[in-house]
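Participant: One file is attached below, entry37.cif, containing mmCIF, C-alpha atoms.
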```
data_run
loop_
_atom_site.label_atom_id
_atom_site.label_comp_id
_atom_site.auth_asym_id
_atom_site.auth_seq_id
_atom_site.Cartn_x
_atom_site.Cartn_y
_atom_site.Cartn_z
CA MET B 270 58.58 3.00 214.43
CA ASN B 271 59.00 6.60 213.29
CA ASN B 272 58.29 7.94 209.81
CA LEU B 273 61.91 8.01 208.71
CA GLN B 274 62.18 4.31 209.45
CA ASN B 275 58.89 3.70 207.64
CA PHE B 276 60.39 5.40 204.60
CA ASN B 277 63.89 3.92 204.76
CA LYS B 278 62.95 0.30 205.26
CA GLY B 279 61.69 0.06 201.65
CA PHE B 280 65.18 0.53 200.23
CA PHE B 281 67.29 -2.17 201.85
CA LYS B 282 65.91 -3.70 205.02
CA GLU B 283 62.57 -4.74 203.48
CA ASN B 284 63.13 -4.00 199.79
CA ALA B 285 60.17 -5.48 197.92
CA VAL B 286 62.24 -7.01 195.11
CA PHE B 287 65.56 -7.95 196.71
CA VAL B 288 64.40 -9.03 200.16
CA GLN B 289 60.69 -9.85 200.02
CA LEU B 290 60.87 -11.14 196.42
CA LEU B 291 57.44 -9.65 195.65
CA GLY B 292 56.28 -8.26 192.32
CA MET B 293 58.50 -10.50 190.21
CA CYS B 294 56.32 -10.30 187.07
CA PRO B 295 56.93 -6.61 186.26
CA THR B 296 60.46 -6.86 187.65
CA LEU B 297 61.48 -9.51 185.15
CA GLY B 298 59.19 -8.37 182.34
CA VAL B 299 59.80 -4.67 181.79
CA THR B 300 63.43 -4.20 182.80
CA THR B 301 64.98 -4.46 179.32
CA THR B 302 66.13 -0.84 179.70
CA ALA B 303 66.72 1.44 182.68
CA PHE B 304 64.11 3.88 181.39
CA ASN B 305 61.36 1.24 181.23
CA GLY B 306 62.28 0.18 184.76
CA LEU B 307 62.01 3.77 185.98
CA GLY B 308 58.63 4.28 184.28
CA MET B 309 57.21 1.09 185.74
CA GLY B 310 58.67 1.89 189.19
CA LEU B 311 57.15 5.37 189.28
CA ALA B 312 53.75 4.15 188.04
CA THR B 313 53.73 1.52 190.81
CA THR B 314 54.87 4.12 193.36
CA PHE B 315 51.94 6.35 192.46
CA VAL B 316 49.44 3.50 192.80
CA LEU B 317 51.06 2.36 196.06
CA LEU B 318 50.98 5.87 197.54
CA MET B 319 47.38 6.58 196.55
CA SER B 320 46.07 3.18 197.64
CA ASN B 321 47.93 3.41 200.97
CA ILE B 322 46.40 6.83 201.62
CA SER B 323 42.85 5.77 200.69
CA ILE B 324 42.97 2.49 202.55
CA SER B 325 44.35 4.00 205.74
CA LEU B 326 41.49 6.53 205.55
CA ILE B 327 38.64 4.10 204.91
CA LYS B 328 39.95 1.17 206.95
CA SER B 329 37.54 1.66 209.86
CA PHE B 330 34.48 1.79 207.58
CA ILE B 331 35.27 -1.50 205.86
CA PRO B 332 34.06 -4.67 207.63
CA ASP B 333 36.83 -7.26 207.95
CA LYS B 334 35.18 -9.94 205.83
CA VAL B 335 34.97 -7.78 202.69
CA ARG B 336 38.22 -5.87 203.10
CA ILE B 337 40.09 -7.64 200.28
CA PRO B 338 37.49 -6.93 197.55
CA ALA B 339 37.24 -3.34 198.76
CA TYR B 340 41.04 -2.91 198.63
CA ILE B 341 41.22 -4.45 195.16
CA VAL B 342 38.56 -2.03 193.87
CA VAL B 343 40.55 0.90 195.26
CA ILE B 344 43.83 -0.37 193.77
CA ALA B 345 42.28 -1.21 190.38
CA SER B 346 40.77 2.27 190.15
CA PHE B 347 44.13 3.96 190.64
CA VAL B 348 45.78 1.61 188.14
CA THR B 349 43.14 2.48 185.54
CA ILE B 350 43.69 6.17 186.21
CA VAL B 351 47.46 5.73 185.65
CA ASP B 352 46.76 3.75 182.47
CA LEU B 353 44.44 6.40 181.01
CA VAL B 354 46.60 9.37 181.96
CA MET B 355 49.74 7.71 180.59
CA ALA B 356 48.02 6.82 177.30
CA GLY B 357 46.93 10.42 176.90
CA TYR B 358 50.02 12.31 177.94
CA LEU B 359 53.00 9.89 177.64
CA PRO B 360 52.10 7.76 174.57
CA GLU B 361 55.72 6.60 174.00
CA LEU B 362 56.15 5.24 177.53
CA HIS B 363 52.65 3.76 177.38
CA LYS B 364 53.59 1.87 174.21
CA ASN B 365 56.59 0.30 175.97
CA LEU B 366 54.89 -0.52 179.27
CA GLY B 367 51.37 -0.98 177.88
CA LEU B 368 50.93 -4.63 178.73
CA PHE B 369 52.31 -4.31 182.25
CA ILE B 370 50.36 -1.31 183.55
CA PRO B 371 47.06 -3.19 184.09
CA LEU B 372 49.10 -5.89 185.82
CA ILE B 373 49.97 -3.46 188.65
CA VAL B 374 46.53 -4.44 190.00
CA VAL B 375 47.76 -7.92 190.78
CA ASN B 376 51.21 -6.78 191.91
CA CYS B 377 51.39 -8.32 195.36
CA ILE B 378 53.46 -5.40 196.67
CA VAL B 379 50.46 -3.07 196.45
CA LEU B 380 47.94 -5.37 198.09
CA GLY B 381 50.66 -6.54 200.48
CA ARG B 382 51.28 -3.01 201.78
CA ALA B 383 47.52 -2.35 201.99
CA GLU B 384 46.97 -5.48 204.04
CA ALA B 385 50.14 -5.43 206.14
CA PHE B 386 50.57 -1.71 206.74
CA ALA B 387 47.89 0.74 205.62
CA SER B 388 45.04 -1.22 207.20
CA LYS B 389 46.78 -1.02 210.59
CA ASN B 390 48.38 2.43 210.56
CA GLY B 391 47.44 6.08 210.17
CA VAL B 392 47.56 8.21 207.01
CA VAL B 393 50.93 9.87 207.63
CA SER B 394 52.89 6.70 208.31
CA SER B 395 51.09 5.02 205.38
CA ILE B 396 52.26 7.82 203.08
CA PHE B 397 55.87 7.28 204.18
CA ASP B 398 55.50 3.52 203.88
CA GLY B 399 54.02 3.81 200.37
CA LEU B 400 56.69 6.22 199.18
CA GLY B 401 59.54 4.19 200.68
CA MET B 402 58.30 0.89 199.27
CA GLY B 403 57.57 2.51 195.89
CA PHE B 404 60.95 4.20 195.57
CA GLY B 405 62.69 1.05 196.79
CA PHE B 406 60.86 -0.89 194.06
CA SER B 407 61.78 1.78 191.47
CA MET B 408 65.42 1.66 192.59
CA ALA B 409 65.49 -2.12 192.18
CA LEU B 410 63.93 -1.89 188.71
CA VAL B 411 66.33 0.84 187.56
CA MET B 412 69.32 -1.17 188.85
CA LEU B 413 68.17 -4.32 187.09
CA GLY B 414 67.17 -2.44 183.92
CA GLY B 415 70.46 -0.53 183.94
CA ILE B 416 72.56 -3.68 184.24
CA ARG B 417 70.60 -5.46 181.50
CA GLU B 418 70.73 -2.43 179.19
CA LEU B 419 74.43 -1.93 179.85
CA LEU B 420 75.39 -5.54 179.16
CA GLY B 421 72.77 -6.20 176.49
CA SER B 422 72.95 -3.11 174.30
CA LEU B 423 75.98 -1.25 175.74
CA SER B 424 73.90 1.83 176.51
CA ILE B 425 72.38 3.45 179.60
CA PHE B 426 69.07 5.39 179.60
CA GLY B 427 69.15 5.16 175.80
CA ILE B 428 72.60 6.77 175.47
CA GLN B 429 74.84 4.51 173.41
CA LEU B 430 78.24 4.15 175.14
CA VAL B 431 80.08 1.92 172.65
CA GLU B 432 79.10 1.31 169.03
CA ALA B 433 78.98 -2.47 169.15
CA ASP B 434 76.60 -5.32 169.82
CA GLY B 435 76.16 -6.25 173.47
CA ILE B 436 75.46 -9.63 175.06
CA LEU B 437 72.04 -10.32 173.60
CA LEU B 438 71.20 -12.80 176.38
CA PHE B 439 70.73 -9.98 178.89
CA ILE B 440 67.95 -8.38 176.83
CA LEU B 441 66.14 -11.71 176.56
CA PRO B 442 64.10 -13.16 179.48
CA PRO B 443 66.86 -15.52 180.76
CA GLY B 444 69.12 -12.48 181.25
CA ALA B 445 66.54 -11.01 183.63
CA PHE B 446 66.74 -14.09 185.87
CA ILE B 447 70.55 -14.21 185.76
CA ALA B 448 71.00 -10.50 186.50
CA LEU B 449 68.35 -10.56 189.25
CA GLY B 450 69.99 -13.57 190.88
CA PHE B 451 73.39 -11.89 191.06
CA LEU B 452 71.82 -8.63 192.31
CA ILE B 453 69.93 -10.42 195.10
CA ALA B 454 73.12 -12.22 196.12
CA LEU B 455 75.04 -8.95 196.21
CA ILE B 456 72.36 -7.08 198.18
CA ASN B 457 72.02 -9.89 200.70
CA HIS B 458 75.80 -10.00 201.14
CA LEU B 459 75.81 -6.22 201.80
CA ARG B 460 72.89 -6.53 204.24
CA LYS B 461 74.62 -9.25 206.22
CA THR B 462 77.99 -7.47 206.43
CA ALA B 463 76.55 -3.96 207.04
CA MET F 203 36.95 4.33 216.10
CA ALA F 204 36.01 0.68 216.32
CA LYS F 205 35.97 -1.48 213.24
CA LYS F 206 32.57 -2.09 211.67
CA GLU F 207 31.13 -5.49 212.32
CA SER F 208 30.77 -7.89 209.41
CA THR F 209 26.99 -7.95 209.27
CA LEU F 210 25.35 -8.47 205.90
CA PHE F 211 24.11 -4.88 205.75
CA ASN F 212 27.51 -3.43 206.64
CA MET F 213 29.31 -5.56 204.08
CA VAL F 214 26.89 -4.78 201.24
CA SER F 215 26.64 -1.08 201.99
CA SER F 216 30.40 -0.55 202.33
CA LEU F 217 31.12 -2.38 199.06
CA VAL F 218 28.39 -0.41 197.27
CA ILE F 219 29.86 2.87 198.50
CA VAL F 220 33.45 1.91 197.60
CA THR F 221 32.52 0.78 194.07
CA LEU F 222 30.27 3.80 193.54
CA VAL F 223 33.02 6.25 194.47
CA ALA F 224 35.55 4.33 192.36
CA SER F 225 33.36 4.21 189.26
CA THR F 226 32.47 7.90 189.53
CA ALA F 227 36.15 8.80 189.74
CA LEU F 228 37.00 6.55 186.76
CA GLY F 229 34.19 8.00 184.65
CA TYR F 230 35.50 11.47 185.36
CA VAL F 231 39.11 10.58 184.48
CA TYR F 232 37.94 8.80 181.31
CA GLU F 233 36.10 11.92 180.13
CA LEU F 234 39.13 14.01 180.99
CA THR F 235 41.66 11.87 179.09
CA LYS F 236 39.45 10.91 176.12
CA GLY F 237 40.57 13.94 174.09
CA PRO F 238 44.33 13.66 174.74
CA ILE F 239 44.32 9.89 174.05
CA ALA F 240 42.61 10.38 170.68
CA ALA F 241 44.97 13.26 169.89
CA ALA F 242 48.05 11.16 170.77
CA LYS F 243 46.85 8.31 168.53
CA LEU F 244 46.17 10.69 165.64
CA ALA F 245 49.54 12.38 166.09
CA ALA F 246 51.31 9.00 165.93
CA LYS F 247 49.43 8.15 162.73
CA ILE F 248 50.20 11.48 161.07
CA LYS F 249 53.87 11.19 162.07
CA ALA F 250 54.08 7.78 160.37
CA ILE F 251 52.36 9.11 157.23
CA ASP F 252 54.71 12.10 157.11
CA GLU F 253 57.70 9.81 157.22
CA VAL F 254 56.68 7.51 154.37
CA VAL F 255 55.32 9.90 151.73
CA LEU F 256 56.54 13.04 149.96
CA PRO F 257 55.58 16.49 151.30
CA TYR F 258 51.84 17.03 150.73
CA ASP F 259 49.26 19.79 151.21
CA ASN F 260 46.02 17.85 151.66
CA ASN F 261 44.67 15.95 154.67
CA PRO F 262 45.47 12.24 154.11
CA VAL F 263 43.66 11.16 157.29
CA GLU F 264 40.38 12.72 156.11
CA GLU F 265 40.73 11.31 152.59
CA MET F 266 41.54 7.81 153.86
CA TYR F 267 39.85 4.98 151.93
CA LYS F 268 39.89 1.22 152.38
CA ILE F 269 40.74 -1.52 149.90
CA SER F 270 39.77 -5.10 150.62
CA VAL F 271 42.56 -7.67 150.52
CA GLU F 272 42.21 -10.48 147.98
CA GLY F 273 41.26 -13.79 149.59
CA SER F 274 40.62 -12.24 152.98
CA VAL F 275 37.88 -10.38 154.82
CA ASP F 276 40.34 -7.73 155.97
CA SER F 277 40.83 -4.41 154.31
CA LEU F 278 43.83 -2.08 154.39
CA GLU F 279 43.68 1.65 155.09
CA VAL F 280 45.19 3.87 152.40
CA TYR F 281 46.11 7.49 153.08
CA PRO F 282 46.54 9.43 149.81
CA ALA F 283 49.02 12.33 149.91
CA LYS F 284 48.29 15.02 147.33
CA LYS F 285 49.97 18.22 146.28
CA ASP F 286 48.00 20.83 144.29
CA GLY F 287 45.23 18.23 143.93
CA LYS F 288 47.54 15.70 142.26
CA LEU F 289 48.33 12.34 143.91
CA ILE F 290 52.04 12.13 144.71
CA ALA F 291 52.19 9.10 147.03
CA SER F 292 50.03 6.86 149.21
CA ALA F 293 50.66 5.55 152.71
CA ILE F 294 49.26 2.05 153.18
CA ARG F 295 48.75 0.57 156.64
CA SER F 296 49.64 -3.07 156.06
CA TYR F 297 50.43 -6.06 158.24
CA SER F 298 51.77 -9.57 158.26
CA PRO F 299 50.43 -12.21 160.66
CA LYS F 300 53.67 -14.19 160.33
CA GLY F 301 55.94 -12.23 162.67
CA TYR F 302 57.89 -14.14 165.33
CA GLY F 303 55.68 -12.59 168.02
CA GLY F 304 52.39 -12.16 166.15
CA ASN F 305 51.27 -9.39 163.84
CA ILE F 306 53.70 -6.85 162.43
CA TRP F 307 52.07 -3.59 161.32
CA LEU F 308 53.84 -1.37 158.81
CA MET F 309 53.08 1.97 157.19
CA VAL F 310 54.31 1.56 153.61
CA GLY F 311 54.67 4.64 151.40
CA LEU F 312 54.21 3.88 147.70
CA LEU F 313 54.51 6.22 144.73
CA PRO F 314 51.63 6.01 142.22
CA ASP F 315 53.67 3.57 140.05
CA GLY F 316 54.29 1.27 143.04
CA ASN F 317 57.87 2.29 143.86
CA ILE F 318 58.60 2.07 147.59
CA GLN F 319 59.17 5.54 149.04
CA ASN F 320 59.71 4.61 152.70
CA ILE F 321 58.55 2.12 155.34
CA VAL F 322 57.86 2.67 159.04
CA VAL F 323 57.17 -0.05 161.61
CA LEU F 324 54.02 0.79 163.59
CA GLU F 325 53.50 -2.16 165.93
CA HIS F 326 55.31 -5.42 166.57
CA LYS F 327 56.22 -7.90 169.31
CA GLU F 328 59.51 -9.17 167.88
CA THR F 329 62.51 -10.30 169.93
CA PRO F 330 64.49 -7.32 171.30
CA GLY F 331 67.95 -7.20 169.76
CA LEU F 332 67.11 -9.59 166.90
CA GLY F 333 63.78 -8.93 165.20
CA THR F 334 63.69 -5.31 166.38
CA LYS F 335 66.62 -4.62 164.04
CA MET F 336 64.02 -4.33 161.25
CA ASN F 337 63.68 -0.78 162.54
CA THR F 338 67.23 0.07 161.44
CA LEU F 339 68.10 1.88 158.23
CA GLU F 340 70.70 -0.81 157.40
CA PHE F 341 67.89 -3.28 156.90
CA GLN F 342 65.25 -0.97 155.42
CA ASP F 343 67.64 0.69 152.97
CA GLN F 344 67.45 -2.27 150.57
CA PHE F 345 63.71 -1.68 150.06
CA LEU F 346 63.78 2.05 149.37
CA GLY F 347 63.25 3.14 145.77
CA LYS F 348 62.61 -0.45 144.66
CA ASN F 349 59.51 -1.56 142.78
CA PRO F 350 58.14 -4.88 144.08
CA SER F 351 57.17 -5.86 140.51
CA SER F 352 60.90 -6.31 139.77
CA PHE F 353 62.33 -6.56 143.33
CA ASN F 354 61.32 -9.91 144.84
CA LEU F 355 60.25 -9.25 148.45
CA LYS F 356 61.04 -12.80 149.59
CA VAL F 357 64.25 -13.38 151.54
CA GLN F 358 67.26 -14.75 149.66
CA LYS F 359 66.85 -18.11 151.40
CA ASP F 360 63.42 -18.43 149.70
CA GLY F 361 64.76 -17.31 146.33
CA GLY F 362 63.99 -13.59 146.75
CA ASP F 363 66.11 -10.43 146.81
CA VAL F 364 65.82 -9.46 150.50
CA ASP F 365 68.99 -9.73 152.56
CA ALA F 366 67.52 -11.11 155.80
CA LEU F 367 68.55 -9.98 159.29
CA THR F 368 70.98 -12.33 161.00
CA GLY F 369 69.06 -14.52 163.43
CA ALA F 370 65.72 -13.01 162.44
CA THR F 371 64.74 -14.65 159.15
CA ILE F 372 61.12 -14.99 160.25
CA THR F 373 60.88 -11.29 161.03
CA SER F 374 62.52 -10.39 157.69
CA ARG F 375 60.08 -12.68 155.88
CA ALA F 376 57.11 -11.06 157.64
CA PHE F 377 58.44 -7.57 156.90
CA GLY F 378 58.70 -8.45 153.20
CA GLY F 379 55.29 -10.11 153.33
CA ALA F 380 53.61 -7.05 154.81
CA THR F 381 55.23 -4.84 152.17
CA GLN F 382 54.13 -7.23 149.42
CA ARG F 383 50.57 -7.15 150.78
CA ALA F 384 50.59 -3.35 150.70
CA PHE F 385 51.91 -3.37 147.10
CA ASP F 386 49.49 -6.03 145.78
CA THR F 387 46.47 -4.41 147.41
CA TYR F 388 47.40 -0.94 146.28
CA MET F 389 48.16 -1.92 142.67
CA LYS F 390 44.84 -3.78 142.43
CA GLY F 391 42.40 -1.38 144.04
CA GLY F 392 44.15 1.88 144.90
CA GLN F 393 43.92 5.30 143.30
CA HIS F 394 46.86 5.97 141.02
CA GLU F 395 46.13 9.49 139.88
#
```
Could you take the file, read its structure, and then write that structure out as structure tokens?
Facilitator:
Amino acid sequence: MNNLQNFNKGFFKENAVFVQLLGMCPTLGVTTTAFNGLGMGLATTFVLLMSNISISLIKSFIPDKVRIPAYIVVIASFVTIVDLVMAGYLPELHKNLGLFIPLIVVNCIVLGRAEAFASKNGVVSSIFDGLGMGFGFSMALVMLGGIRELLGSLSIFGIQLVEADGILLFILPPGAFIALGFLIALINHLRKTA
Amino acid sequence: MAKKESTLFNMVSSLVIVTLVASTALGYVYELTKGPIAAAKLAAKIKAIDEVVLPYDNNPVEEMYKISVEGSVDSLEVYPAKKDGKLIASAIRSYSPKGYGGNIWLMVGLLPDGNIQNIVVLEHKETPGLGTKMNTLEFQDQFLGKNPSSFNLKVQKDGGDVDALTGATITSRAFGGATQRAFDTYMKGGQHE
């Protein structure tokens, strides 16, 4: 598989949210607005990229039996770095995402890519894999957040389109499930016909 | 390069090295971001104080004092705003534990006689689209310029004067409760001159 394929597969063919149905907790939890979705997506992309790079570099020094604890330490370190840097330099975004940033540690996408890809491939293809998976995840979160924000508060990226109340349900947790269900159906229909 | 075998020594040594490198890196980043994080928190606090009191020329954060709340072990932080050495308003960091999603923290600006100057919501976990409407001017307008000694901070349903938010009576109640707590505490133990 070449690097372009490694990058592209994260968007549709193996999209973490729509196809693999991984990382549902942040997907359903933070996507009340498109901006929150984007912030969470980019934070996860950074962690995914850095952990993929480190793990593909250290994979031959880590004995098989302790690989999972070693990977988790690497991932947790990068998550903490994101948490600290965001609290210092982007306090507004940190206030919105606060609760969900530490949860990137247990996001199965990150450990999933470490285990399924970075531990078997070289640095360069792991970089492309991490970026593709991360951006695919961000894209899914922005789409879901955008739809929920549009229907729920009639705005997009914080810009009010119509001065009226939206369908409150889409801001609330049930709206996340409903919107995600329709999105998955649509994406799968497109994948089958394409 | 072949994979290392899972002998006890290999497992222990590789985990020690990984955790050592990780903790060193984290310690470094923590030192690096300690300053900006403290600065961001202070800036948020000063911004809230600026919004709820009249223009001042002292340093309210440095002159902060605490008053204990009656019947509770907690104490509230009071930030006095002064101009030419004279007290013009106080910002009180108050809370109510009765929000729909836990504590609601407010910064309440009171004039020395107890009139409400302005209120800012600091922290909350209310329902988006319902309880979060307490952040709007439409809701907060009814409190501004009122004195809680004559303006009953309970919602109309409980016999008070507060016009509650539609679908968010609990939030409105907690908002009024936090304001009442700020007023009671300040009138009892705060500086008024």
Participant: I would like the residues chosen by the PyMOL selection byres ((chain F) within 12 of (chain B)) on the shown file; could you give them as a ChimeraX atom specification?
Facilitator: /F:203-246,324-335,369
Participant: Store the residues of this selection in a file with C-alpha atoms, as a compact mmCIF listing (two decimals), in the coordinates of the input.
Facilitator:
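Final file, selection-v6.txt:
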```txt
# COMPACT_ATOMS: atom_id res chain seq x y z
CA MET F 203 36.95 4.33 216.10
CA ALA F 204 36.01 0.68 216.32
CA LYS F 205 35.97 -1.48 213.24
CA LYS F 206 32.57 -2.09 211.67
CA GLU F 207 31.13 -5.49 212.32
CA SER F 208 30.77 -7.89 209.41
CA THR F 209 26.99 -7.95 209.27
CA LEU F 210 25.35 -8.47 205.90
CA PHE F 211 24.11 -4.88 205.75
CA ASN F 212 27.51 -3.43 206.64
CA MET F 213 29.31 -5.56 204.08
CA VAL F 214 26.89 -4.78 201.24
CA SER F 215 26.64 -1.08 201.99
CA SER F 216 30.40 -0.55 202.33
CA LEU F 217 31.12 -2.38 199.06
CA VAL F 218 28.39 -0.41 197.27
CA ILE F 219 29.86 2.87 198.50
CA VAL F 220 33.45 1.91 197.60
CA THR F 221 32.52 0.78 194.07
CA LEU F 222 30.27 3.80 193.54
CA VAL F 223 33.02 6.25 194.47
CA ALA F 224 35.55 4.33 192.36
CA SER F 225 33.36 4.21 189.26
CA THR F 226 32.47 7.90 189.53
CA ALA F 227 36.15 8.80 189.74
CA LEU F 228 37.00 6.55 186.76
CA GLY F 229 34.19 8.00 184.65
CA TYR F 230 35.50 11.47 185.36
CA VAL F 231 39.11 10.58 184.48
CA TYR F 232 37.94 8.80 181.31
CA GLU F 233 36.10 11.92 180.13
CA LEU F 234 39.13 14.01 180.99
CA THR F 235 41.66 11.87 179.09
CA LYS F 236 39.45 10.91 176.12
CA GLY F 237 40.57 13.94 174.09
CA PRO F 238 44.33 13.66 174.74
CA ILE F 239 44.32 9.89 174.05
CA ALA F 240 42.61 10.38 170.68
CA ALA F 241 44.97 13.26 169.89
CA ALA F 242 48.05 11.16 170.77
CA LYS F 243 46.85 8.31 168.53
CA LEU F 244 46.17 10.69 165.64
CA ALA F 245 49.54 12.38 166.09
CA ALA F 246 51.31 9.00 165.93
CA LEU F 324 54.02 0.79 163.59
CA GLU F 325 53.50 -2.16 165.93
CA HIS F 326 55.31 -5.42 166.57
CA LYS F 327 56.22 -7.90 169.31
CA GLU F 328 59.51 -9.17 167.88
CA THR F 329 62.51 -10.30 169.93
CA PRO F 330 64.49 -7.32 171.30
CA GLY F 331 67.95 -7.20 169.76
CA LEU F 332 67.11 -9.59 166.90
CA GLY F 333 63.78 -8.93 165.20
CA THR F 334 63.69 -5.31 166.38
CA LYS F 335 66.62 -4.62 164.04
CA GLY F 369 69.06 -14.52 163.43
```
Participant: Where does the PyMOL selection byres ((chain F and resi 372) around 10) land in this file, that is, which residues does it pick, as a list in words?
Facilitator: Lys300, Gly301, Tyr302, Gly303, Glu328, Gly333, Val357, Ala366, Leu367, Gly369, Ala370, Thr371, Thr373, Ser374, Arg375, Ala376, Phe377 and Gly378 of chain F
Participant: Out of B:Leu430, B:Leu452, B:Leu400, B:Phe446, which residue has the shortest atom-to-atom distance to B:Leu318 when counting only C-alpha atoms?
Facilitator: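 Smallest separation from B:Leu318 among the options: B:Leu400.
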Participant: Which is closer to F:Val323 than all the others in F:Gln393, F:Thr368, F:Ser274, F:Thr381, using all atoms listed in the file?
Facilitator: F:Thr381
Participant: So what does the PyMOL selection byres ((chain F and resi 382) around 12) actually pick up in this one, as a PyMOL selection string?
Facilitator: chain F and resi 271+294-298+308+310+312+316-318+321+345+348-356+364+375-381+383-389
Participant: Which residue gives the smallest distance to F:Leu346 among F:Pro262, F:Val254, F:Ser270, F:Val275, with all atoms listed in the file counted?
Facilitator: F:Val254
Participant: So that I can see what lies close to B:Cys294, please list as a ChimeraX atom specification the residues with an atom at most 8 Å from it, counting all atoms listed in the file and leaving out residues fewer than 3 positions away in the same chain.
Facilitator: /B:297-298,376
Participant: Considering all atoms listed in the file, return as a PyMOL selection string whatever protein or nucleic-acid residues lie within 8 Å of B:Gly391, sequence-local ones (same chain, fewer than 3 positions apart) excluded.
Facilitator: chain B and resi 325-326+387+394-395
Participant: What does the structure give for the distance between atom CA of F:Val255 and atom CA of F:Lys390, in Å to one decimal?
Facilitator: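 Going from atom CA of F:Val255 over to atom CA of F:Lys390 covers 19.6 Å.
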Participant: Which is closer to B:Asn390 than all the others in B:Val286, B:Thr462, B:Arg417, B:Ile324, using all atoms listed in the file?
Facilitator: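 Using all atoms listed in the file, B:Asn390 sits closest to B:Ile324.
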Participant: Counting all atoms listed in the file, which residues of stretch 301-389 of chain B sit at most 7 Å from some atom of stretch 406-416 of chain B, and what is each one's closest atom pair with its distance in Å to one decimal, listed by chain and rising residue number, as a Markdown table?
Facilitator:
```
| residue | atom | partner | partner_atom | distance |
| --- | --- | --- | --- | --- |
| B:Thr301 | CA | B:Gly414 | CA | 5.5 |
| B:Thr302 | CA | B:Gly414 | CA | 4.6 |
| B:Ala303 | CA | B:Gly414 | CA | 4.1 |
| B:Gly306 | CA | B:Leu410 | CA | 4.8 |
| B:Leu307 | CA | B:Val411 | CA | 5.5 |
| B:Gly310 | CA | B:Ser407 | CA | 3.9 |
| B:Leu311 | CA | B:Ser407 | CA | 6.3 |
```
Participant: So what do you get for atom CA of F:Lys247 versus atom CA of B:Phe304, distance-wise?
Facilitator: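 Atom-to-atom, atom CA of F:Lys247 and atom CA of B:Phe304 are spaced 24.1 Å apart.
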Participant: Could you name the residues that touch B:Ala285 at 9 Å or less, counting only C-alpha atoms, but leaving out those on the same chain fewer than 3 positions away, as a list in words?
Facilitator: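 Returned residues: Gly279, Phe280, Phe281, Val288, Gln289, Leu290, Leu291, Gly292, Ile378, Met402, Gly403, Gly405, Phe406 and Ala409 of chain B.
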Participant: In Å, rounded to a single decimal, give me how far atom CA of B:Gly308 is from atom CA of B:Ile322.
Facilitator: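 Calculated distance between atom CA of B:Ile322 and atom CA of B:Gly308 is 21.4 Å.
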Participant: Draw an axis-aligned box over all listed atoms of stretch 258-268 of chain F, pad each side with 4 Å, and write its centre and edge lengths in Å, one decimal, as AutoDock Vina command-line options.
Facilitator:
```
--center_x 45.8 --center_y 10.5 --center_z 154.0 --size_x 20.0 --size_y 26.6 --size_z 14.6
```
Participant: Residues within 7 Å of B:Phe276, please, as a PyMOL selection string. Count all atoms listed in the file; anything in the same chain fewer than 5 positions from it doesn't count.
Facilitator: chain B and resi 397-398+400-401
Participant: Create the file for the chosen residues now, containing C-alpha atoms and written as a PDB file, in the coordinates of the input.
Facilitator:
```pdb
ATOM      1  CA  PHE B 397      55.870   7.280 204.180  1.00  0.00           C
ATOM      2  CA  ASP B 398      55.500   3.520 203.880  1.00  0.00           C
ATOM      3  CA  LEU B 400      56.690   6.220 199.180  1.00  0.00           C
ATOM      4  CA  GLY B 401      59.540   4.190 200.680  1.00  0.00           C
TER       5      GLY B 401
END
```
